[in-house]
Amino acid sequence: MRKPILAANWKMHKTVAEAVRFAEEFAKALGDEQSVDAVIAPPFHALAAVGPVLAGCSAELSAQNVHPEEKGAFTGEISPGMLADLGCGYTIVGHSERRALFGEDDAFIARKAAALLAHQIRPIVCVGESLEDREANRTLDVVGGQLQGSLAEIPSDRAAEIVVAYEPVWAIGTGRTATPEIAQEVHGFIRERLSARFGPTGAEIRIQYGGSVKPDNIRELMAQADIDGALVGGASLDATSFLQIVTFGRSEGSA
Ligand code: PEP
């Protein structure tokens with residue numbers, strides 16, 4: 001049984017005060033709920049302030065990015081050790097915005113994921129096709145290639161700790177969600193690839209869907225066999241909305 005995992009990706013939003021206010025409200029409502037993994041990924045500047053608030057509940061702190069090196073002359077970057085120091089339990093890598101806007105490739109993402117695991121931080125590894133890929137019937141080729149490349153450095157005995165997020169680029173921030181059937185088709189394919197790569201552990205790896213997830217569509221997504229959670233952008237910026245997503249996702253996911 002895979003525990004549902006609902007993660008908030010705040011991207012470049014919120015002041016420290018706003019982030020703490022959200023975390024306080026969220027932590028109070030979530031309490032010590034153990035049937036779901038709730039994860040919050042604030043921007044870097046708010047990690048140190050949000051971490052101690054989330055320590056009072058079962059939610060975990062996540063970063064949105066990391067550099068694979070331990071330390072050195074990498075102006076503007078942050079290392080896995082630094083994120084561990086801040087109490088991050090998860091970190092998002094390979095988000096399509098990082099791939100498209102900052103030129104990150106699968107090999108670089110693979111190094112990040114392995115470096116995070118070395119610090120006991122679980123990587124949330126994002127994959128997903130563009131609209132152009134989908135329209136050219138290249139979805140499975142693209143997603144398969146990203147998976148192979150981005151997970152290349154994950155040792156089999158640590159595979160159960162990773163999370164894969166399938167985020168079709170055409171559904172991110174567009175209000176255009178993949179239908180549950182379209183999402184399940186790709187999630188099923190990802191599950192097959194994970195099992196081929198990691199053996200029986202592939203069945204333990206959680207696969208999130210991301211792309212315009214909201215309180216009113218999370219249930220039908222979570223009802224799909226291989227959708228184990230969601231990575232949520234826009235609808236995670238409001239505490240009530242994200243709480244609903246966590247609550248609905250949890251009940252459907254554990255049904
Ligand atoms: C995301 O940024 O990972 C995302 C899925 O965004 P949104 O929910 O806004 O589509």
# chains A, B, ... in the order shown; residues from 1 in each chain; ligands from 1
$ select_by_dssp --residues "region 21-143 of chain A" --states "strand (DSSP E or B)" --output "count of residues only"
21
$ residues_near_ligand --ligand "ligand 1" --cutoff "7 Å" --atoms "only C-alpha atoms and all ligand atoms" --output "ChimeraX atom specification"
/A:9,11,95,167,171-175,210-213,231-235
$ closest_residue --among "A:Gln244, A:Ser130, A:Gln146, A:Gln224" --to "Leu30 (chain A)" --atoms "only C-alpha atoms"
A:Gln244
$ residues_around --residues "Gly144 (chain A)" --least-positions-apart "4" --cutoff "9 Å" --atoms "only C-alpha atoms" --output "list in words"
Val127, Thr139, Leu140, Gln148, Gly149, Phe189, Ile190 and Arg193 of chain A
$ write_last_selection --atoms "N, CA and C atoms" --output "mmCIF file, in the first residue's frame"
data_model
loop_
_atom_site.group_PDB
_atom_site.id
_atom_site.type_symbol
_atom_site.label_atom_id
_atom_site.label_comp_id
_atom_site.auth_asym_id
_atom_site.auth_seq_id
_atom_site.Cartn_x
_atom_site.Cartn_y
_atom_site.Cartn_z
ATOM 1 N N VAL A 127 8.828 14.639 -14.336
ATOM 2 C CA VAL A 127 8.928 14.327 -15.770
ATOM 3 C C VAL A 127 7.616 14.782 -16.422
ATOM 4 N N THR A 139 4.591 11.245 -26.328
ATOM 5 C CA THR A 139 4.520 11.338 -24.863
ATOM 6 C C THR A 139 5.323 10.231 -24.170
ATOM 7 N N LEU A 140 5.076 8.990 -24.541
ATOM 8 C CA LEU A 140 5.714 7.896 -23.801
ATOM 9 C C LEU A 140 7.217 7.845 -24.069
ATOM 10 N N GLN A 148 14.509 7.437 -17.582
ATOM 11 C CA GLN A 148 15.764 6.696 -17.671
ATOM 12 C C GLN A 148 16.951 7.594 -17.301
ATOM 13 N N GLY A 149 16.951 8.806 -17.855
ATOM 14 C CA GLY A 149 18.071 9.712 -17.600
ATOM 15 C C GLY A 149 18.081 10.267 -16.184
ATOM 16 N N PHE A 189 2.360 3.544 -17.419
ATOM 17 C CA PHE A 189 3.606 3.371 -18.186
ATOM 18 C C PHE A 189 4.827 3.629 -17.276
ATOM 19 N N ILE A 190 4.728 4.695 -16.461
ATOM 20 C CA ILE A 190 5.841 5.009 -15.547
ATOM 21 C C ILE A 190 6.047 3.850 -14.571
ATOM 22 N N ARG A 193 7.933 1.103 -16.214
ATOM 23 C CA ARG A 193 9.354 1.436 -16.362
ATOM 24 C C ARG A 193 10.090 1.351 -15.020
#
$ residues_around --residues "Asp32 (chain A)" --least-positions-apart "5" --cutoff "12 Å" --atoms "only C-alpha atoms" --output "list in words"
Phe26, Ala27, Asp37, Ala38, Leu54, Ala55, Gly56, Cys57, Ser58, Ala59 and Glu60 of chain A
$ atom_distance --atom1 "CA of Ile121 (chain A)" --atom2 "CA of Phe248 (chain A)"
26.2 Å
$ residues_around --residues "region 64-77 of chain A" --least-positions-apart "2" --cutoff "10 Å" --atoms "only C-alpha atoms" --output "PyMOL selection string"
chain A and resi 8-12+40-44+62+79-83+90-95+98+108-116+123-124
$ write_last_selection --atoms "N, CA, C and O atoms" --output "compact mmCIF listing (two decimals), in the first residue's frame"
# COMPACT_ATOMS: atom_id res chain seq x y z
N ALA A 8 2.90 20.72 -1.96
CA ALA A 8 2.64 22.10 -2.38
C ALA A 8 3.93 22.70 -2.94
O ALA A 8 4.94 22.73 -2.24
N ASN A 9 3.88 23.12 -4.19
CA ASN A 9 5.03 23.81 -4.79
C ASN A 9 4.66 25.28 -4.92
O ASN A 9 3.91 25.66 -5.82
N TRP A 10 5.21 26.08 -4.03
CA TRP A 10 4.84 27.50 -4.02
C TRP A 10 5.57 28.31 -5.08
O TRP A 10 5.31 29.51 -5.23
N LYS A 11 6.53 27.71 -5.74
CA LYS A 11 7.33 28.44 -6.74
C LYS A 11 7.86 29.75 -6.13
O LYS A 11 8.23 29.76 -4.97
N MET A 12 7.84 30.84 -6.88
CA MET A 12 8.41 32.09 -6.37
C MET A 12 7.30 32.99 -5.84
O MET A 12 7.02 34.06 -6.39
N ILE A 40 5.42 20.59 1.99
CA ILE A 40 5.31 21.99 1.57
C ILE A 40 6.68 22.48 1.10
O ILE A 40 7.67 22.37 1.83
N ALA A 41 6.70 23.02 -0.11
CA ALA A 41 7.95 23.50 -0.71
C ALA A 41 7.90 25.02 -0.89
O ALA A 41 7.49 25.51 -1.95
N PRO A 42 8.30 25.77 0.13
CA PRO A 42 8.36 27.23 0.00
C PRO A 42 9.61 27.61 -0.80
O PRO A 42 10.49 26.79 -1.00
N PRO A 43 9.69 28.88 -1.24
CA PRO A 43 10.95 29.32 -1.83
C PRO A 43 12.06 29.32 -0.77
O PRO A 43 11.78 29.32 0.43
N PHE A 44 13.32 29.33 -1.22
CA PHE A 44 14.45 29.19 -0.30
C PHE A 44 14.40 30.14 0.88
O PHE A 44 14.73 29.77 2.01
N SER A 62 10.06 20.86 2.17
CA SER A 62 10.75 20.51 0.92
C SER A 62 11.35 21.77 0.32
O SER A 62 10.81 22.87 0.48
N SER A 79 23.21 23.58 -1.44
CA SER A 79 23.63 22.17 -1.51
C SER A 79 22.66 21.26 -0.75
O SER A 79 21.91 21.73 0.12
N PRO A 80 22.73 19.95 -1.01
CA PRO A 80 21.88 19.02 -0.27
C PRO A 80 22.15 19.08 1.24
O PRO A 80 21.22 19.00 2.04
N GLY A 81 23.42 19.24 1.61
CA GLY A 81 23.75 19.32 3.04
C GLY A 81 23.09 20.54 3.70
O GLY A 81 22.64 20.48 4.85
N MET A 82 23.05 21.63 2.96
CA MET A 82 22.42 22.85 3.50
C MET A 82 20.91 22.64 3.68
O MET A 82 20.32 23.10 4.65
N LEU A 83 20.32 21.92 2.72
CA LEU A 83 18.87 21.66 2.83
C LEU A 83 18.59 20.70 3.99
O LEU A 83 17.59 20.85 4.70
N TYR A 90 12.24 16.43 1.80
CA TYR A 90 12.04 16.22 0.36
C TYR A 90 12.66 17.40 -0.40
O TYR A 90 12.83 18.49 0.16
N THR A 91 12.91 17.20 -1.68
CA THR A 91 13.27 18.31 -2.57
C THR A 91 12.82 17.97 -4.00
O THR A 91 13.02 16.85 -4.46
N ILE A 92 12.21 18.96 -4.64
CA ILE A 92 11.76 18.79 -6.03
C ILE A 92 12.96 18.94 -6.95
O ILE A 92 13.76 19.88 -6.79
N VAL A 93 13.12 18.03 -7.90
CA VAL A 93 14.16 18.20 -8.92
C VAL A 93 13.56 17.95 -10.31
O VAL A 93 12.62 17.18 -10.46
N GLY A 94 14.10 18.65 -11.28
CA GLY A 94 13.68 18.43 -12.67
C GLY A 94 12.32 18.99 -13.01
O GLY A 94 11.70 18.55 -14.00
N HIS A 95 11.83 19.95 -12.24
CA HIS A 95 10.56 20.58 -12.61
C HIS A 95 10.67 21.12 -14.04
O HIS A 95 11.74 21.58 -14.45
N ARG A 98 12.41 24.33 -14.48
CA ARG A 98 13.88 24.25 -14.39
C ARG A 98 14.44 23.72 -15.71
O ARG A 98 15.46 24.21 -16.19
N PHE A 108 22.02 16.13 -15.26
CA PHE A 108 22.19 17.03 -14.11
C PHE A 108 21.15 16.71 -13.03
O PHE A 108 21.45 16.67 -11.84
N ILE A 109 19.94 16.43 -13.47
CA ILE A 109 18.86 16.09 -12.53
C ILE A 109 19.20 14.78 -11.82
O ILE A 109 18.97 14.63 -10.61
N ALA A 110 19.78 13.84 -12.55
CA ALA A 110 20.17 12.56 -11.94
C ALA A 110 21.19 12.77 -10.83
O ALA A 110 21.12 12.13 -9.77
N ARG A 111 22.14 13.68 -11.05
CA ARG A 111 23.15 13.96 -10.01
C ARG A 111 22.49 14.58 -8.78
O ARG A 111 22.85 14.29 -7.64
N LYS A 112 21.54 15.46 -9.02
CA LYS A 112 20.84 16.10 -7.89
C LYS A 112 20.10 15.06 -7.06
O LYS A 112 20.16 15.07 -5.83
N ALA A 113 19.37 14.17 -7.75
CA ALA A 113 18.56 13.17 -7.04
C ALA A 113 19.46 12.28 -6.17
O ALA A 113 19.14 12.01 -5.01
N ALA A 114 20.60 11.84 -6.74
CA ALA A 114 21.50 10.98 -5.98
C ALA A 114 22.12 11.74 -4.81
O ALA A 114 22.27 11.19 -3.70
N ALA A 115 22.47 12.99 -5.03
CA ALA A 115 23.09 13.79 -3.96
C ALA A 115 22.10 14.01 -2.81
O ALA A 115 22.48 13.99 -1.63
N LEU A 116 20.84 14.17 -3.14
CA LEU A 116 19.82 14.34 -2.09
C LEU A 116 19.72 13.07 -1.24
O LEU A 116 19.69 13.13 0.00
N PRO A 123 14.11 12.75 -3.12
CA PRO A 123 13.87 13.59 -4.30
C PRO A 123 12.48 13.37 -4.89
O PRO A 123 12.00 12.23 -4.96
N ILE A 124 11.82 14.44 -5.27
CA ILE A 124 10.59 14.36 -6.06
C ILE A 124 11.02 14.68 -7.49
O ILE A 124 11.33 15.83 -7.81
$ closest_residue --among "A:Ala48, A:Val164, A:Ala239, A:Ala159" --to "Glu24 (chain A)" --atoms "only C-alpha atoms"
A:Ala239
$ residues_around --residues "Thr15 (chain A)" --least-positions-apart "2" --cutoff "10 Å" --atoms "only C-alpha atoms" --output "PDB file with N, CA, C and O atoms, in the first residue's frame"
ATOM      1  N   MET A  12       7.836  30.837  -6.881  1.00  0.00           N
ATOM      2  CA  MET A  12       8.413  32.092  -6.374  1.00  0.00           C
ATOM      3  C   MET A  12       7.299  32.992  -5.843  1.00  0.00           C
ATOM      4  O   MET A  12       7.023  34.060  -6.394  1.00  0.00           O
ATOM      5  N   HIS A  13       6.634  32.509  -4.776  1.00  0.00           N
ATOM      6  CA  HIS A  13       5.522  33.245  -4.188  1.00  0.00           C
ATOM      7  C   HIS A  13       5.670  33.281  -2.672  1.00  0.00           C
ATOM      8  O   HIS A  13       6.225  32.371  -2.083  1.00  0.00           O
ATOM      9  N   ALA A  17       6.567  36.233   6.099  1.00  0.00           N
ATOM     10  CA  ALA A  17       5.404  36.348   6.993  1.00  0.00           C
ATOM     11  C   ALA A  17       4.204  35.579   6.427  1.00  0.00           C
ATOM     12  O   ALA A  17       3.496  34.873   7.166  1.00  0.00           O
ATOM     13  N   GLU A  18       3.982  35.694   5.138  1.00  0.00           N
ATOM     14  CA  GLU A  18       2.856  34.964   4.519  1.00  0.00           C
ATOM     15  C   GLU A  18       3.075  33.450   4.592  1.00  0.00           C
ATOM     16  O   GLU A  18       2.141  32.683   4.832  1.00  0.00           O
ATOM     17  N   ALA A  19       4.318  33.048   4.396  1.00  0.00           N
ATOM     18  CA  ALA A  19       4.633  31.611   4.427  1.00  0.00           C
ATOM     19  C   ALA A  19       4.398  31.048   5.834  1.00  0.00           C
ATOM     20  O   ALA A  19       3.823  29.960   6.001  1.00  0.00           O
ATOM     21  N   VAL A  20       4.818  31.788   6.837  1.00  0.00           N
ATOM     22  CA  VAL A  20       4.653  31.324   8.221  1.00  0.00           C
ATOM     23  C   VAL A  20       3.169  31.286   8.590  1.00  0.00           C
ATOM     24  O   VAL A  20       2.701  30.336   9.225  1.00  0.00           O
ATOM     25  N   ARG A  21       2.427  32.278   8.150  1.00  0.00           N
ATOM     26  CA  ARG A  21       0.988  32.309   8.450  1.00  0.00           C
ATOM     27  C   ARG A  21       0.296  31.073   7.848  1.00  0.00           C
ATOM     28  O   ARG A  21      -0.495  30.399   8.487  1.00  0.00           O
ATOM     29  N   PRO A  42       8.304  25.767   0.133  1.00  0.00           N
ATOM     30  CA  PRO A  42       8.362  27.227  -0.003  1.00  0.00           C
ATOM     31  C   PRO A  42       9.608  27.612  -0.802  1.00  0.00           C
ATOM     32  O   PRO A  42      10.494  26.785  -1.003  1.00  0.00           O
ATOM     33  N   PRO A  43       9.691  28.876  -1.236  1.00  0.00           N
ATOM     34  CA  PRO A  43      10.947  29.323  -1.831  1.00  0.00           C
ATOM     35  C   PRO A  43      12.063  29.315  -0.771  1.00  0.00           C
ATOM     36  O   PRO A  43      11.782  29.316   0.432  1.00  0.00           O
ATOM     37  N   HIS A  45      14.033  31.412   0.644  1.00  0.00           N
ATOM     38  CA  HIS A  45      14.146  32.412   1.709  1.00  0.00           C
ATOM     39  C   HIS A  45      13.246  32.095   2.901  1.00  0.00           C
ATOM     40  O   HIS A  45      13.482  32.611   3.995  1.00  0.00           O
ATOM     41  N   ALA A  46      12.210  31.253   2.692  1.00  0.00           N
ATOM     42  CA  ALA A  46      11.255  30.983   3.780  1.00  0.00           C
ATOM     43  C   ALA A  46      11.474  29.616   4.441  1.00  0.00           C
ATOM     44  O   ALA A  46      10.785  29.287   5.411  1.00  0.00           O
TER      45      ALA A  46
END
$ select_by_dssp --residues "region 29-253 of chain A" --states "helix (DSSP H, G or I)" --output "ChimeraX atom specification"
/A:29-30,44-54,80-85,96-102,106-118,131-135,139-150,156-161,169-171,180-203,218-222,234-236,239-253
$ residues_around --residues "Pro180 (chain A)" --least-positions-apart "3" --cutoff "6 Å" --atoms "only C-alpha atoms" --output "list of chain:residue names"
A:Ala183, A:Gln184, A:Leu221
$ atom_distance --atom1 "CA of Ser96 (chain A)" --atom2 "CA of Val143 (chain A)"
11.9 Å
$ atom_distance --atom1 "CA of Glu129 (chain A)" --atom2 "CA of Pro155 (chain A)"
25.3 Å
$ closest_residue --among "A:Ala84, A:Leu151, A:Ala63, A:Ile205" --to "Gln120 (chain A)" --atoms "only C-alpha atoms"
A:Ala84
$ closest_residue --among "A:Val16, A:Ala49, A:Val39, A:Cys88" --to "Phe242 (chain A)" --atoms "only C-alpha atoms"
A:Val39
$ decode --residues "region 111-146 of chain A" --atoms "C-alpha atoms" --output "mmCIF file, in the first residue's frame"
data_model
loop_
_atom_site.group_PDB
_atom_site.id
_atom_site.type_symbol
_atom_site.label_atom_id
_atom_site.label_comp_id
_atom_site.auth_asym_id
_atom_site.auth_seq_id
_atom_site.Cartn_x
_atom_site.Cartn_y
_atom_site.Cartn_z
ATOM 1 C CA ARG A 111 23.145 13.964 -10.009
ATOM 2 C CA LYS A 112 20.836 16.100 -7.893
ATOM 3 C CA ALA A 113 18.564 13.171 -7.037
ATOM 4 C CA ALA A 114 21.503 10.975 -5.980
ATOM 5 C CA ALA A 115 23.089 13.791 -3.958
ATOM 6 C CA LEU A 116 19.820 14.339 -2.086
ATOM 7 C CA LEU A 117 19.531 10.654 -1.184
ATOM 8 C CA ALA A 118 23.061 10.771 0.204
ATOM 9 C CA HIS A 119 21.692 13.314 2.697
ATOM 10 C CA GLN A 120 18.545 11.310 3.456
ATOM 11 C CA ILE A 121 16.392 13.790 1.515
ATOM 12 C CA ARG A 122 13.787 12.202 -0.766
ATOM 13 C CA PRO A 123 13.872 13.590 -4.300
ATOM 14 C CA ILE A 124 10.587 14.363 -6.059
ATOM 15 C CA VAL A 125 11.701 13.792 -9.650
ATOM 16 C CA CYS A 126 9.504 15.551 -12.229
ATOM 17 C CA VAL A 127 8.928 14.327 -15.770
ATOM 18 C CA GLY A 128 6.398 15.334 -18.397
ATOM 19 C CA GLU A 129 5.854 16.015 -22.073
ATOM 20 C CA SER A 130 5.170 19.302 -23.831
ATOM 21 C CA LEU A 131 2.027 19.943 -25.866
ATOM 22 C CA GLU A 132 4.095 19.558 -29.017
ATOM 23 C CA ASP A 133 5.325 16.132 -27.824
ATOM 24 C CA ARG A 134 1.799 15.014 -27.021
ATOM 25 C CA GLU A 135 0.393 16.153 -30.337
ATOM 26 C CA ALA A 136 3.190 14.318 -32.150
ATOM 27 C CA ASN A 137 2.426 11.122 -30.181
ATOM 28 C CA ARG A 138 5.801 11.276 -28.465
ATOM 29 C CA THR A 139 4.520 11.338 -24.863
ATOM 30 C CA LEU A 140 5.714 7.896 -23.801
ATOM 31 C CA ASP A 141 9.062 8.245 -25.585
ATOM 32 C CA VAL A 142 9.725 11.588 -23.914
ATOM 33 C CA VAL A 143 8.601 10.497 -20.455
ATOM 34 C CA GLY A 144 10.469 7.187 -20.784
ATOM 35 C CA GLY A 145 13.651 9.003 -21.779
ATOM 36 C CA GLN A 146 13.374 11.506 -18.929
#
